[in-house]
>>> print(open('upload-v7.cif').read())   # mmCIF, C-alpha atoms, pLDDT in the B column; chains and numbers go by the auth columns
data_coords
loop_
_atom_site.group_PDB
_atom_site.id
_atom_site.type_symbol
_atom_site.label_atom_id
_atom_site.label_comp_id
_atom_site.label_asym_id
_atom_site.label_seq_id
_atom_site.Cartn_x
_atom_site.Cartn_y
_atom_site.Cartn_z
_atom_site.B_iso_or_equiv
_atom_site.auth_seq_id
_atom_site.auth_asym_id
ATOM 1 C CA THR A 1 -94.053 -41.006 -44.127 60.00 1001 A
ATOM 2 C CA ILE A 2 -97.317 -39.537 -42.982 69.00 1002 A
ATOM 3 C CA ASP A 3 -99.918 -38.679 -45.630 68.00 1003 A
ATOM 4 C CA SER A 4 -100.982 -35.060 -44.989 72.00 1004 A
ATOM 5 C CA CYS A 5 -103.943 -35.489 -47.344 77.00 1005 A
ATOM 6 C CA PRO A 6 -105.526 -38.857 -46.495 71.00 1006 A
ATOM 7 C CA GLY A 7 -108.175 -39.884 -49.011 69.00 1007 A
ATOM 8 C CA ASP A 8 -106.778 -37.485 -51.631 68.00 1008 A
ATOM 9 C CA THR A 9 -105.036 -39.548 -54.293 67.00 1009 A
ATOM 10 C CA LEU A 10 -103.471 -36.431 -55.827 71.00 1010 A
ATOM 11 C CA ASN A 11 -102.406 -35.147 -52.416 81.00 1011 A
ATOM 12 C CA ASP A 12 -100.753 -31.702 -52.721 80.00 1012 A
ATOM 13 C CA ALA A 13 -99.292 -31.333 -56.238 81.00 1013 A
ATOM 14 C CA ASP A 14 -98.140 -27.725 -55.765 82.00 1014 A
ATOM 15 C CA ASP A 15 -96.743 -28.162 -52.226 80.00 1015 A
ATOM 16 C CA ASP A 16 -98.722 -25.236 -50.832 82.00 1016 A
ATOM 17 C CA GLY A 17 -99.972 -27.187 -47.823 80.00 1017 A
ATOM 18 C CA VAL A 18 -103.540 -27.402 -49.150 83.00 1018 A
ATOM 19 C CA CYS A 19 -104.803 -30.790 -50.251 86.00 1019 A
ATOM 20 C CA ASP A 20 -105.655 -30.803 -53.963 83.00 1020 A
ATOM 21 C CA SER A 21 -109.236 -31.958 -53.264 81.00 1021 A
ATOM 22 C CA VAL A 22 -109.927 -28.602 -51.517 84.00 1022 A
ATOM 23 C CA ASP A 23 -107.274 -26.407 -53.184 85.00 1023 A
ATOM 24 C CA SER A 24 -108.884 -23.697 -55.366 83.00 1024 A
ATOM 25 C CA CYS A 25 -105.585 -23.420 -57.252 86.00 1025 A
ATOM 26 C CA PRO A 26 -104.203 -26.983 -57.192 83.00 1026 A
ATOM 27 C CA ASN A 27 -101.285 -26.213 -59.522 80.00 1027 A
ATOM 28 C CA ASP A 28 -100.365 -22.828 -58.051 79.00 1028 A
ATOM 29 C CA LEU A 29 -98.069 -22.702 -55.022 79.00 1029 A
ATOM 30 C CA PHE A 30 -99.212 -19.171 -54.139 80.00 1030 A
ATOM 31 C CA ASN A 31 -102.908 -19.864 -54.773 84.00 1031 A
ATOM 32 C CA ASP A 32 -104.733 -16.514 -54.991 80.00 1032 A
ATOM 33 C CA GLY A 33 -102.512 -14.002 -53.218 80.00 1033 A
ATOM 34 C CA ASP A 34 -104.775 -11.003 -53.753 82.00 1034 A
ATOM 35 C CA SER A 35 -108.055 -12.869 -53.093 82.00 1035 A
ATOM 36 C CA ASP A 36 -109.611 -11.817 -56.386 83.00 1036 A
ATOM 37 C CA GLY A 37 -110.757 -15.297 -57.352 82.00 1037 A
ATOM 38 C CA VAL A 38 -108.040 -15.726 -59.989 85.00 1038 A
ATOM 39 C CA CYS A 39 -105.171 -18.134 -59.289 87.00 1039 A
ATOM 40 C CA ASP A 40 -101.850 -16.261 -59.288 84.00 1040 A
ATOM 41 C CA ALA A 41 -100.544 -18.404 -62.160 85.00 1041 A
ATOM 42 C CA ASP A 42 -103.369 -17.004 -64.340 85.00 1042 A
ATOM 43 C CA ASP A 43 -103.714 -13.553 -62.758 86.00 1043 A
ATOM 44 C CA THR A 44 -102.494 -10.738 -65.029 83.00 1044 A
ATOM 45 C CA CYS A 45 -102.805 -8.263 -62.137 86.00 1045 A
ATOM 46 C CA LEU A 46 -100.975 -9.916 -59.238 83.00 1046 A
ATOM 47 C CA LEU A 47 -101.595 -8.271 -55.877 78.00 1047 A
ATOM 48 C CA ASP A 48 -104.417 -6.188 -57.404 80.00 1048 A
ATOM 49 C CA ALA A 49 -107.752 -7.551 -56.196 77.00 1049 A
ATOM 50 C CA LEU A 50 -109.690 -5.292 -58.595 78.00 1050 A
ATOM 51 C CA ASN A 51 -107.718 -6.630 -61.582 83.00 1051 A
ATOM 52 C CA ASP A 52 -108.656 -4.732 -64.748 81.00 1052 A
ATOM 53 C CA VAL A 53 -112.376 -4.019 -64.408 78.00 1053 A
ATOM 54 C CA ASP A 54 -112.570 -1.830 -67.532 83.00 1054 A
ATOM 55 C CA SER A 55 -110.627 -4.331 -69.678 80.00 1055 A
ATOM 56 C CA ASP A 56 -108.199 -1.744 -71.015 84.00 1056 A
ATOM 57 C CA GLY A 57 -105.115 -3.831 -70.334 82.00 1057 A
ATOM 58 C CA ILE A 58 -104.011 -1.704 -67.356 84.00 1058 A
ATOM 59 C CA CYS A 59 -104.364 -3.168 -63.866 86.00 1059 A
ATOM 60 C CA ASP A 60 -106.658 -1.005 -61.742 82.00 1060 A
ATOM 61 C CA GLY A 61 -103.911 -0.322 -59.202 82.00 1061 A
ATOM 62 C CA MET A 62 -101.964 1.460 -61.964 82.00 1062 A
ATOM 63 C CA ASP A 63 -104.882 2.732 -64.089 85.00 1063 A
ATOM 64 C CA SER A 64 -105.276 6.522 -63.855 80.00 1064 A
ATOM 65 C CA CYS A 65 -108.622 6.250 -65.675 85.00 1065 A
ATOM 66 C CA ARG A 66 -110.298 3.374 -63.804 80.00 1066 A
ATOM 67 C CA GLY A 67 -113.640 2.442 -65.303 77.00 1067 A
ATOM 68 C CA ASP A 68 -112.753 4.139 -68.599 79.00 1068 A
ATOM 69 C CA ALA A 69 -111.670 1.564 -71.180 74.00 1069 A
ATOM 70 C CA GLU A 70 -110.478 4.268 -73.594 80.00 1070 A
ATOM 71 C CA ASN A 71 -108.370 5.897 -70.847 84.00 1071 A
ATOM 72 C CA ASP A 72 -106.974 9.116 -72.314 83.00 1072 A
ATOM 73 C CA ALA A 73 -107.055 8.422 -76.054 81.00 1073 A
ATOM 74 C CA ASP A 74 -105.927 11.912 -77.093 86.00 1074 A
ATOM 75 C CA GLY A 75 -103.101 12.142 -74.509 83.00 1075 A
ATOM 76 C CA ASP A 76 -104.226 15.431 -72.972 87.00 1076 A
ATOM 77 C CA GLY A 77 -104.174 14.183 -69.380 83.00 1077 A
ATOM 78 C CA VAL A 78 -107.970 14.087 -69.084 86.00 1078 A
ATOM 79 C CA CYS A 79 -109.702 10.686 -68.917 87.00 1079 A
ATOM 80 C CA ASP A 80 -112.051 10.251 -71.873 84.00 1080 A
ATOM 81 C CA GLY A 81 -115.022 9.658 -69.577 83.00 1081 A
ATOM 82 C CA VAL A 82 -114.839 13.287 -68.400 83.00 1082 A
ATOM 83 C CA ASP A 83 -113.056 14.874 -71.386 88.00 1083 A
ATOM 84 C CA SER A 84 -115.317 17.371 -73.189 85.00 1084 A
ATOM 85 C CA CYS A 85 -113.152 16.895 -76.298 88.00 1085 A
ATOM 86 C CA PRO A 86 -112.007 13.239 -76.093 85.00 1086 A
ATOM 87 C CA ALA A 87 -110.427 13.176 -79.558 82.00 1087 A
ATOM 88 C CA ASP A 88 -108.792 16.610 -79.313 84.00 1088 A
ATOM 89 C CA SER A 89 -105.572 16.884 -77.314 83.00 1089 A
ATOM 90 C CA LEU A 90 -105.880 20.684 -77.215 83.00 1090 A
ATOM 91 C CA ASN A 91 -109.459 20.437 -75.900 85.00 1091 A
ATOM 92 C CA ASP A 92 -111.097 23.870 -75.918 84.00 1092 A
ATOM 93 C CA GLY A 93 -108.179 26.227 -75.413 82.00 1093 A
ATOM 94 C CA ASP A 94 -110.207 29.424 -75.592 86.00 1094 A
ATOM 95 C CA GLY A 95 -113.135 28.179 -73.464 85.00 1095 A
ATOM 96 C CA ASP A 96 -115.832 28.924 -76.033 87.00 1096 A
ATOM 97 C CA GLY A 97 -117.423 25.475 -75.885 85.00 1097 A
ATOM 98 C CA VAL A 98 -116.060 24.400 -79.284 87.00 1098 A
ATOM 99 C CA CYS A 99 -113.319 21.739 -79.380 88.00 1099 A
ATOM 100 C CA ASP A 100 -110.202 23.236 -80.984 86.00 1100 A
ATOM 101 C CA ARG A 101 -110.145 20.738 -83.839 85.00 1101 A
ATOM 102 C CA PHE A 102 -113.570 22.064 -84.936 86.00 1102 A
ATOM 103 C CA ASP A 103 -113.084 25.684 -83.849 87.00 1103 A
ATOM 104 C CA SER A 104 -112.573 28.065 -86.774 84.00 1104 A
ATOM 105 C CA CYS A 105 -111.199 30.601 -84.263 87.00 1105 A
ATOM 106 C CA PRO A 106 -109.309 28.376 -81.766 84.00 1106 A
ATOM 107 C CA ASN A 107 -107.697 31.263 -79.861 80.00 1107 A
ATOM 108 C CA ASP A 108 -110.747 33.522 -79.822 82.00 1108 A
ATOM 109 C CA SER A 109 -113.432 32.848 -77.220 81.00 1109 A
ATOM 110 C CA LEU A 110 -115.862 35.117 -79.092 82.00 1110 A
ATOM 111 C CA ASN A 111 -115.239 33.219 -82.340 83.00 1111 A
ATOM 112 C CA ASP A 112 -116.905 35.013 -85.243 77.00 1112 A
ATOM 113 C CA ALA A 113 -119.931 36.643 -83.613 79.00 1113 A
ATOM 114 C CA ASP A 114 -121.014 38.516 -86.762 82.00 1114 A
ATOM 115 C CA SER A 115 -120.534 35.491 -89.071 77.00 1115 A
ATOM 116 C CA ASP A 116 -118.315 37.355 -91.522 84.00 1116 A
ATOM 117 C CA PHE A 117 -115.659 34.607 -91.576 79.00 1117 A
ATOM 118 C CA VAL A 118 -113.211 36.831 -89.667 84.00 1118 A
ATOM 119 C CA CYS A 119 -112.399 35.826 -86.090 84.00 1119 A
ATOM 120 C CA ASP A 120 -113.412 38.565 -83.652 81.00 1120 A
ATOM 121 C CA ALA A 121 -109.878 38.807 -82.246 84.00 1121 A
ATOM 122 C CA VAL A 122 -108.681 40.195 -85.601 83.00 1122 A
ATOM 123 C CA ASP A 123 -111.952 41.593 -86.991 83.00 1123 A
ATOM 124 C CA SER A 124 -111.599 45.366 -87.457 81.00 1124 A
ATOM 125 C CA CYS A 125 -115.367 45.613 -87.962 84.00 1125 A
ATOM 126 C CA ARG A 126 -116.757 43.506 -85.113 82.00 1126 A
ATOM 127 C CA GLY A 127 -120.500 43.213 -85.232 80.00 1127 A
ATOM 128 C CA ASP A 128 -120.547 44.174 -88.920 79.00 1128 A
ATOM 129 C CA ALA A 129 -121.087 41.126 -91.089 76.00 1129 A
ATOM 130 C CA LEU A 130 -120.290 43.093 -94.248 80.00 1130 A
ATOM 131 C CA ASN A 131 -117.011 44.444 -92.821 80.00 1131 A
ATOM 132 C CA ASP A 132 -115.596 47.054 -95.189 71.00 1132 A
ATOM 133 C CA GLN A 133 -117.332 46.347 -98.501 77.00 1133 A
ATOM 134 C CA ASP A 134 -115.545 49.022 -100.501 80.00 1134 A
ATOM 135 C CA SER A 135 -112.112 48.685 -98.821 72.00 1135 A
ATOM 136 C CA ASP A 136 -111.953 52.327 -97.737 80.00 1136 A
ATOM 137 C CA GLN A 137 -110.947 51.509 -94.144 75.00 1137 A
ATOM 138 C CA LEU A 138 -114.471 52.326 -92.894 79.00 1138 A
ATOM 139 C CA CYS A 139 -116.699 49.548 -91.584 80.00 1139 A
ATOM 140 C CA THR A 140 -119.814 49.213 -93.733 79.00 1140 A
ATOM 141 C CA SER A 141 -122.068 49.808 -90.717 81.00 1141 A
ATOM 142 C CA VAL A 142 -120.685 53.379 -90.316 84.00 1142 A
ATOM 143 C CA ASP A 143 -119.724 54.118 -93.942 81.00 1143 A
ATOM 144 C CA SER A 144 -122.203 56.547 -95.494 75.00 1144 A
ATOM 145 C CA CYS A 145 -120.921 55.482 -98.926 80.00 1145 A
ATOM 146 C CA SER A 146 -120.472 51.780 -98.274 79.00 1146 A
ATOM 147 C CA LEU A 147 -120.023 50.858 -101.939 79.00 1147 A
ATOM 148 C CA ASP A 148 -117.844 53.848 -102.878 76.00 1148 A
ATOM 149 C CA ALA A 149 -114.190 53.615 -101.871 77.00 1149 A
ATOM 150 C CA GLU A 150 -113.820 57.364 -102.505 79.00 1150 A
ATOM 151 C CA ASN A 151 -116.746 58.009 -100.127 74.00 1151 A
ATOM 152 C CA ASP A 152 -118.260 60.290 -102.710 71.00 1152 A
ATOM 153 C CA ALA A 153 -122.047 60.026 -102.407 60.00 1153 A
ATOM 154 C CA ASP A 154 -122.714 61.143 -105.979 64.00 1154 A
ATOM 155 C CA SER A 155 -119.817 59.194 -107.514 60.00 1155 A
ATOM 156 C CA ASP A 156 -118.376 62.255 -109.224 60.00 1156 A
ATOM 157 C CA LEU A 157 -114.999 61.764 -107.460 53.00 1157 A
ATOM 158 C CA THR A 158 -115.132 65.269 -105.920 49.00 1158 A
#
>>> encode(input="upload-v7.cif", output="structure tokens")
Amino acid sequence: TIDSCPGDTLNDADDDGVCDSVDSCPNDLFNDGDSDGVCDADDTCLLDALNDVDSDGICDGMDSCRGDAENDADGDGVCDGVDSCPADSLNDGDGDGVCDRFDSCPNDSLNDADSDFVCDAVDSCRGDALNDQDSDQLCTSVDSCSLDAENDADSDLT
């Protein structure tokens, strides 16, 4: 027989045709198929030269959020690196700049503009922080007798 690796006492242990003395993957028949510097026997991302650069456990060839180790933690389809509400799967449904999980009025883009604890979408007295103080169906801002449900300025009920 002819020695294909003269001077190499190990010769070619993996039968890949590369003498062990110069074989970068001496125990791997396929060597480094994707040329990423990782022998195929140890490569968790075969045929993916980028491997898993963000270390999220998803090979870059399959990773929809490359470079983002958290990926899409809240499952809303938006990668966390660009998600304005990364821990809120509903994000900001009404577009008011407040993530829904913190938004006291999640379906109202105006929120509670007059700070009366009533969302503007259902506030019958928008812009009036006192609302209807005397419950007479008149907003306090236009009620001439704002503390008198009978709307009787002199409180004599007539």
>>> resolve_selection(input="upload-v7.cif", expression="the PyMOL selection byres ((chain A and resi 1069) around 10)", output="ChimeraX atom specification")
/A:1052-1058,1063,1065-1068,1070-1073,1079-1081
>>> residues_around(input="upload-v7.cif", residues="segment 1019-1028 of chain A", least_positions_apart="5", cutoff="12 Å", atoms="all atoms listed in the file", output="ChimeraX atom specification")
/A:1003-1014,1033,1035-1043
>>> atom_distance(input="upload-v7.cif", atom1="atom CA of Asn1051 of chain A", atom2="atom CA of Gly1017 of chain A")
25.9 Å
>>> atom_distance(input="upload-v7.cif", atom1="atom CA of Asp1096 of chain A", atom2="atom CA of Asn1111 of chain A")
7.7 Å
>>> resolve_selection(input="upload-v7.cif", expression="the PyMOL selection byres ((chain A and resi 1119) around 10)", output="PDB file with C-alpha atoms, in the frame of the given file")
ATOM      1  CA  SER A1104    -112.573  28.065 -86.774  1.00 84.00           C
ATOM      2  CA  CYS A1105    -111.199  30.601 -84.263  1.00 87.00           C
ATOM      3  CA  PRO A1106    -109.309  28.376 -81.766  1.00 84.00           C
ATOM      4  CA  ASN A1107    -107.697  31.263 -79.861  1.00 80.00           C
ATOM      5  CA  ASP A1108    -110.747  33.522 -79.822  1.00 82.00           C
ATOM      6  CA  SER A1109    -113.432  32.848 -77.220  1.00 81.00           C
ATOM      7  CA  LEU A1110    -115.862  35.117 -79.092  1.00 82.00           C
ATOM      8  CA  ASN A1111    -115.239  33.219 -82.340  1.00 83.00           C
ATOM      9  CA  ASP A1112    -116.905  35.013 -85.243  1.00 77.00           C
ATOM     10  CA  ALA A1113    -119.931  36.643 -83.613  1.00 79.00           C
ATOM     11  CA  ASP A1114    -121.014  38.516 -86.762  1.00 82.00           C
ATOM     12  CA  SER A1115    -120.534  35.491 -89.071  1.00 77.00           C
ATOM     13  CA  ASP A1116    -118.315  37.355 -91.522  1.00 84.00           C
ATOM     14  CA  PHE A1117    -115.659  34.607 -91.576  1.00 79.00           C
ATOM     15  CA  VAL A1118    -113.211  36.831 -89.667  1.00 84.00           C
ATOM     16  CA  ASP A1120    -113.412  38.565 -83.652  1.00 81.00           C
ATOM     17  CA  ALA A1121    -109.878  38.807 -82.246  1.00 84.00           C
ATOM     18  CA  VAL A1122    -108.681  40.195 -85.601  1.00 83.00           C
ATOM     19  CA  ASP A1123    -111.952  41.593 -86.991  1.00 83.00           C
ATOM     20  CA  SER A1124    -111.599  45.366 -87.457  1.00 81.00           C
ATOM     21  CA  ARG A1126    -116.757  43.506 -85.113  1.00 82.00           C
TER      22      ARG A1126
END
>>> atom_distance(input="upload-v7.cif", atom1="atom CA of Asp1016 of chain A", atom2="atom CA of Ala1049 of chain A")
20.6 Å
>>> resolve_selection(input="upload-v7.cif", expression="the PyMOL selection byres ((chain A and resi 1138-1145) around 10)", output="list in words")
Ser1124, Cys1125, Arg1126, Gly1127, Asp1128, Ala1129, Leu1130, Asn1131, Asp1132, Gln1133, Asp1134, Ser1135, Asp1136, Gln1137, Ser1146, Leu1147, Asp1148, Ala1149, Glu1150, Asn1151, Asp1152, Ala1153, Asp1154 and Ser1155 of chain A
>>> residues_around(input="upload-v7.cif", residues="Gly1075 of chain A", least_positions_apart="6", cutoff="12 Å", atoms="only C-alpha atoms", output="number ranges by chain")
A: 1065, 1083, 1085-1091
>>> write_last_selection(input="upload-v7.cif", atoms="C-alpha atoms", output="tab-separated table (two decimals), in the coordinates of the input")
chain	number	residue	atom	x	y	z
A	1065	CYS	CA	-108.62	6.25	-65.68
A	1083	ASP	CA	-113.06	14.87	-71.39
A	1085	CYS	CA	-113.15	16.90	-76.30
A	1086	PRO	CA	-112.01	13.24	-76.09
A	1087	ALA	CA	-110.43	13.18	-79.56
A	1088	ASP	CA	-108.79	16.61	-79.31
A	1089	SER	CA	-105.57	16.88	-77.31
A	1090	LEU	CA	-105.88	20.68	-77.22
A	1091	ASN	CA	-109.46	20.44	-75.90
>>> decode(input="upload-v7.cif", residues="segment 1069-1081 of chain A", atoms="all heavy atoms", output="JSON list (two decimals), in the first residue's frame")
[["chain", "number", "residue", "atom", "x", "y", "z"],
["A", 1069, "ALA", "N", -30.95, 38.96, 20.95],
["A", 1069, "ALA", "CA", -30.94, 37.73, 21.75],
["A", 1069, "ALA", "C", -32.29, 37.45, 22.40],
["A", 1069, "ALA", "O", -32.62, 36.30, 22.68],
["A", 1069, "ALA", "CB", -29.86, 37.81, 22.83],
["A", 1070, "GLU", "N", -33.09, 38.46, 22.65],
["A", 1070, "GLU", "CA", -34.41, 38.25, 23.26],
["A", 1070, "GLU", "C", -35.45, 37.83, 22.22],
["A", 1070, "GLU", "O", -36.53, 37.39, 22.57],
["A", 1070, "GLU", "CB", -34.88, 39.52, 23.97],
["A", 1070, "GLU", "CG", -34.02, 39.91, 25.15],
["A", 1070, "GLU", "CD", -34.04, 38.85, 26.24],
["A", 1070, "GLU", "OE1", -35.11, 38.35, 26.58],
["A", 1070, "GLU", "OE2", -32.96, 38.52, 26.75],
["A", 1071, "ASN", "N", -35.14, 38.05, 20.94],
["A", 1071, "ASN", "CA", -36.05, 37.76, 19.84],
["A", 1071, "ASN", "C", -37.34, 38.54, 20.01],
["A", 1071, "ASN", "O", -37.34, 39.74, 20.04],
["A", 1071, "ASN", "CB", -36.30, 36.25, 19.72],
["A", 1071, "ASN", "CG", -35.07, 35.51, 19.28],
["A", 1071, "ASN", "OD1", -34.49, 35.84, 18.26],
["A", 1071, "ASN", "ND2", -34.63, 34.55, 20.06],
["A", 1072, "ASP", "N", -38.44, 37.86, 20.14],
["A", 1072, "ASP", "CA", -39.76, 38.49, 20.29],
["A", 1072, "ASP", "C", -40.36, 37.93, 21.57],
["A", 1072, "ASP", "O", -41.23, 37.06, 21.55],
["A", 1072, "ASP", "CB", -40.62, 38.17, 19.07],
["A", 1072, "ASP", "CG", -42.01, 38.72, 19.17],
["A", 1072, "ASP", "OD1", -42.25, 39.60, 20.01],
["A", 1072, "ASP", "OD2", -42.88, 38.27, 18.42],
["A", 1073, "ALA", "N", -39.89, 38.42, 22.71],
["A", 1073, "ALA", "CA", -40.27, 37.86, 24.01],
["A", 1073, "ALA", "C", -41.76, 37.89, 24.28],
["A", 1073, "ALA", "O", -42.30, 36.99, 24.93],
["A", 1073, "ALA", "CB", -39.52, 38.59, 25.14],
["A", 1074, "ASP", "N", -42.48, 38.91, 23.78],
["A", 1074, "ASP", "CA", -43.91, 39.00, 24.07],
["A", 1074, "ASP", "C", -44.79, 38.37, 22.99],
["A", 1074, "ASP", "O", -46.01, 38.37, 23.10],
["A", 1074, "ASP", "CB", -44.33, 40.44, 24.33],
["A", 1074, "ASP", "CG", -44.09, 41.38, 23.17],
["A", 1074, "ASP", "OD1", -43.74, 40.92, 22.07],
["A", 1074, "ASP", "OD2", -44.25, 42.60, 23.37],
["A", 1075, "GLY", "N", -44.17, 37.82, 21.93],
["A", 1075, "GLY", "CA", -44.92, 37.08, 20.91],
["A", 1075, "GLY", "C", -45.84, 37.92, 20.04],
["A", 1075, "GLY", "O", -46.81, 37.43, 19.49],
["A", 1076, "ASP", "N", -45.52, 39.21, 19.87],
["A", 1076, "ASP", "CA", -46.38, 40.07, 19.07],
["A", 1076, "ASP", "C", -45.94, 40.19, 17.62],
["A", 1076, "ASP", "O", -46.55, 40.91, 16.85],
["A", 1076, "ASP", "CB", -46.47, 41.46, 19.71],
["A", 1076, "ASP", "CG", -45.13, 42.18, 19.77],
["A", 1076, "ASP", "OD1", -44.10, 41.63, 19.33],
["A", 1076, "ASP", "OD2", -45.12, 43.32, 20.27],
["A", 1077, "GLY", "N", -44.87, 39.49, 17.25],
["A", 1077, "GLY", "CA", -44.39, 39.54, 15.88],
["A", 1077, "GLY", "C", -43.41, 40.67, 15.60],
["A", 1077, "GLY", "O", -43.00, 40.86, 14.47],
["A", 1078, "VAL", "N", -43.05, 41.42, 16.64],
["A", 1078, "VAL", "CA", -42.10, 42.51, 16.50],
["A", 1078, "VAL", "C", -40.86, 42.16, 17.32],
["A", 1078, "VAL", "O", -40.97, 41.90, 18.52],
["A", 1078, "VAL", "CB", -42.70, 43.85, 17.00],
["A", 1078, "VAL", "CG1", -41.69, 44.99, 16.83],
["A", 1078, "VAL", "CG2", -43.99, 44.18, 16.26],
["A", 1079, "CYS", "N", -39.68, 42.16, 16.68],
["A", 1079, "CYS", "CA", -38.44, 41.85, 17.39],
["A", 1079, "CYS", "C", -38.24, 42.86, 18.51],
["A", 1079, "CYS", "O", -38.48, 44.06, 18.33],
["A", 1079, "CYS", "CB", -37.26, 41.88, 16.43],
["A", 1079, "CYS", "SG", -37.34, 40.61, 15.14],
["A", 1080, "ASP", "N", -37.80, 42.38, 19.67],
["A", 1080, "ASP", "CA", -37.65, 43.23, 20.84],
["A", 1080, "ASP", "C", -36.75, 44.44, 20.59],
["A", 1080, "ASP", "O", -36.98, 45.50, 21.16],
["A", 1080, "ASP", "CB", -37.11, 42.43, 22.03],
["A", 1080, "ASP", "CG", -38.16, 41.52, 22.62],
["A", 1080, "ASP", "OD1", -39.33, 41.57, 22.17],
["A", 1080, "ASP", "OD2", -37.83, 40.76, 23.54],
["A", 1081, "GLY", "N", -35.75, 44.29, 19.73],
["A", 1081, "GLY", "CA", -34.85, 45.40, 19.46],
["A", 1081, "GLY", "C", -35.52, 46.61, 18.84],
["A", 1081, "GLY", "O", -35.01, 47.72, 18.93]]
